[in-house]
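K.L.:
Quick one: the structure is below, and I'll ask about it shortly.
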Amino acid sequence: MVKQNILKTLHENCVSGEDIASKLDISKEEVLDQIESLKDDGYVIELSGKEGYCLKETPNLLLPYELKRNLETEFMGHEVHYFKKVDSTNEVAKQLAEEGSPEGTLVVAESQSRGRGRRGKKWVSPEGGVWMSMILRPEIPPMNAPQLTLVTGVAVAETLKNECKLDVGIKWPNDILIGDKKVCGILTEVSATLDKVDYVVVGIGIDLNVDVDLFPPELRNGATSLKIELEREIQSVKLVQKFLLNFERIYGEFKEGKFPEILKEWRILSKTIGNYVEVHKRGRTVKGEAVGINKDGILILELEDGTLNKIISGECVHIKK
Ligand code: BTN
């Protein structure tokens with residue numbers, strides 16, 4: 001808390017150690033310690049005889065204080081758990097949810113040692129990406145919980161589109177693409193009893209400032225990052241704040257029963273509908289034209305012989321015909 005108050009003061013003005021000490025009612029030694037600790041976090045703070053301590057640079061990290069500063073949401077991101085390195089933010093979020101953390105809690109990490117993707121895949125999560133998980137507690141039937149993946153996809157895609165003005169779209173069910181390359185994945189995990197959702201953890205991985213050339217060869221071609229597309233470093237805090245605000249609004253609509261309206265938006269953002277696709281599931285492959293998704297978010301394929309096939313889940317690959 002002391003650290004946050006010092007930061008708040010420094011964000012407003014340059015200030016002397018003495019003034020910080022008297023304002024926060026702490027000793028000058030503690031001010032020094034806290035300033036050193038802020039420098040360790042990556043803040044660039046300079047001391048000049050005339051002005052005192054001046055904040056020159058804020059690190060491009062999702063530090064809780066920075067995330068909460070100027071955050072306009074009502075509940076999303078009001079509790080933030082930050083880690084430099086963690087196994088998987090989804091795992092931490094599930095643990096916190098079991099312990100009772102409220103709806104809107106966010107777990108963020110600079111890197112993950114065992115990031116998890118869909119279908120049991122590993123998710124490469126080096127420094128520079130946004131690796132985060134949200135805890136949600138919607139009062140919905142468990143069978144509707146997977147819809148939250150599509151809801152989140154719309155919120156991510158809209159945020160990236162508005163903030164970065166790129167050709168952003170969604171590949172069914174939940175990959176966010178720029179052009180035809182993946183920039184973000186979403187992993188939704190649900191804890192429920194027969195008739196009630198206890199909590200949902202939605203994990204989001206955005207390749208923000210990562211260098212995809214360092215990814216394993218099999219992932220390199222299909223992946224991109226915002227930094228590559230925009231040819232500049234992206235500020236993670238502002239982007240995540242915008243996302244949280246968008247997500248809170250769309251999630252609010254979802255809880256009011258407006259999933260059909262959200263699906264309309266999903267269809268507009270979809271890069272899958274109208275494409276020829278292969279869907280792989282448990283060693284089987286189904287091929288056809290993706291002609292739509294139905295009211296439950298299920299993909300409808302028209303096969304070669306003209307029959308329609310409903311695909312509930314699977315790995316979807318866009319193919320050129
Ligand atoms: C996918 O396979 O497309 C989903 C990837 C989801 C990755 C994110 S990164 C943050 C969160 N923690 C994890 O271990 N996975 C999700």
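Chain labels run A, B, ... following the order of the structure tokens; each chain numbers its residues from 1, and ligands are numbered from 1 in the order shown.
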Could you pull out the strand (DSSP E) residues of segment 12-234 of chain A, going by DSSP on the backbone, and write them as a VMD selection string?
P.N.:
chain A and resid 44 to 48 52 to 57 80 to 86 106 to 112 130 to 136 168 to 171 175 to 178 181 to 192 197 to 206
K.L.:
Let me see if you get this right: every residue at most 6 Å from ligand 1, counting only C-alpha atoms and all ligand atoms, written as a list in words.
P.N.:
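Sorted by chain and then by number, the residues are Ser88, Thr89, Asn90, Gly115, Arg116, Gly117, Arg118, Trp123, Trp131, Met132, Ser133, Asp175, Gly185, Ile186, Leu187, Gly203, Ile204 and Gly205 of chain A.
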K.L.:
Using only C-alpha atoms, what does the table of segment 186-254 of chain A residues within 10 Å of segment 164-171 of chain A look like, with each row giving the shortest atom pair and its distance in Å to one decimal, sorted by chain and ascending number, as a tab-separated table?
P.N.:
```
residue	atom	partner	partner_atom	distance
A:Leu226	CA	A:Cys164	CA	8.2
A:Glu229	CA	A:Leu166	CA	8.1
A:Leu230	CA	A:Cys164	CA	7.7
A:Ile234	CA	A:Cys164	CA	9.4
A:Leu239	CA	A:Cys164	CA	9.4
```
K.L.:
Could you please take those selected residues and save N, CA and C atoms as a PDB file, in the first residue's frame?
P.N.:
```pdb
ATOM      1  N   LEU A 226       1.152  -8.658 -32.101  1.00  0.00           N
ATOM      2  CA  LEU A 226       0.755  -7.274 -32.403  1.00  0.00           C
ATOM      3  C   LEU A 226       1.983  -6.437 -32.750  1.00  0.00           C
ATOM      4  N   GLU A 229       2.841  -7.010 -36.319  1.00  0.00           N
ATOM      5  CA  GLU A 229       1.875  -6.407 -37.254  1.00  0.00           C
ATOM      6  C   GLU A 229       1.974  -4.882 -37.262  1.00  0.00           C
ATOM      7  N   LEU A 230       2.212  -4.294 -36.089  1.00  0.00           N
ATOM      8  CA  LEU A 230       2.205  -2.823 -36.009  1.00  0.00           C
ATOM      9  C   LEU A 230       3.606  -2.219 -36.068  1.00  0.00           C
ATOM     10  N   ILE A 234       3.786  -2.480 -28.020  1.00  0.00           N
ATOM     11  CA  ILE A 234       2.426  -2.100 -27.602  1.00  0.00           C
ATOM     12  C   ILE A 234       2.377  -1.984 -26.073  1.00  0.00           C
ATOM     13  N   LEU A 239      -4.160  -1.618 -23.261  1.00  0.00           N
ATOM     14  CA  LEU A 239      -4.903  -2.604 -24.044  1.00  0.00           C
ATOM     15  C   LEU A 239      -5.758  -3.491 -23.126  1.00  0.00           C
TER      16      LEU A 239
END
```
K.L.:
Counting only C-alpha atoms, which residue out of A:Ser22, A:Tyr199, A:Gln34, A:Gly292 sits closest to Leu96 of chain A?
P.N.:
A:Tyr199
K.L.:
Which residues are near Leu303 of chain A? Cut-off 8 Å, only C-alpha atoms, ignore same chain within fewer than 2 positions. Put them as a short mmCIF file (atom, residue, chain, number, x, y, z; two decimals) with N, CA, C and O atoms, in the first residue's frame.
P.N.:
```
data_model
loop_
_atom_site.label_atom_id
_atom_site.label_comp_id
_atom_site.auth_asym_id
_atom_site.auth_seq_id
_atom_site.Cartn_x
_atom_site.Cartn_y
_atom_site.Cartn_z
N LYS A 287 -14.53 -32.60 -43.57
CA LYS A 287 -14.20 -31.50 -44.49
C LYS A 287 -15.47 -30.91 -45.06
O LYS A 287 -16.42 -31.64 -45.36
N GLY A 288 -15.48 -29.62 -45.24
CA GLY A 288 -16.65 -29.02 -45.88
C GLY A 288 -16.58 -27.51 -45.85
O GLY A 288 -15.57 -26.93 -45.43
N GLU A 289 -17.69 -26.89 -46.30
CA GLU A 289 -17.73 -25.43 -46.24
C GLU A 289 -18.45 -25.02 -44.96
O GLU A 289 -19.52 -25.54 -44.64
N LEU A 301 -21.30 -27.35 -40.99
CA LEU A 301 -20.53 -27.59 -42.22
C LEU A 301 -21.42 -28.18 -43.30
O LEU A 301 -22.25 -29.05 -43.03
N ASP A 305 -21.31 -33.76 -50.35
CA ASP A 305 -22.58 -34.30 -50.88
C ASP A 305 -23.78 -33.41 -50.54
O ASP A 305 -24.92 -33.79 -50.77
N GLY A 306 -23.52 -32.25 -49.99
CA GLY A 306 -24.60 -31.31 -49.72
C GLY A 306 -25.27 -31.48 -48.36
O GLY A 306 -26.10 -30.65 -47.96
N THR A 307 -24.89 -32.53 -47.62
CA THR A 307 -25.52 -32.69 -46.30
C THR A 307 -24.88 -31.73 -45.30
O THR A 307 -23.72 -31.32 -45.45
N LEU A 308 -25.65 -31.39 -44.27
CA LEU A 308 -25.15 -30.48 -43.24
C LEU A 308 -24.68 -31.29 -42.04
O LEU A 308 -25.31 -32.28 -41.65
N ASN A 309 -23.59 -30.86 -41.46
CA ASN A 309 -23.01 -31.57 -40.34
C ASN A 309 -22.76 -30.59 -39.20
O ASN A 309 -22.19 -29.52 -39.42
#
```
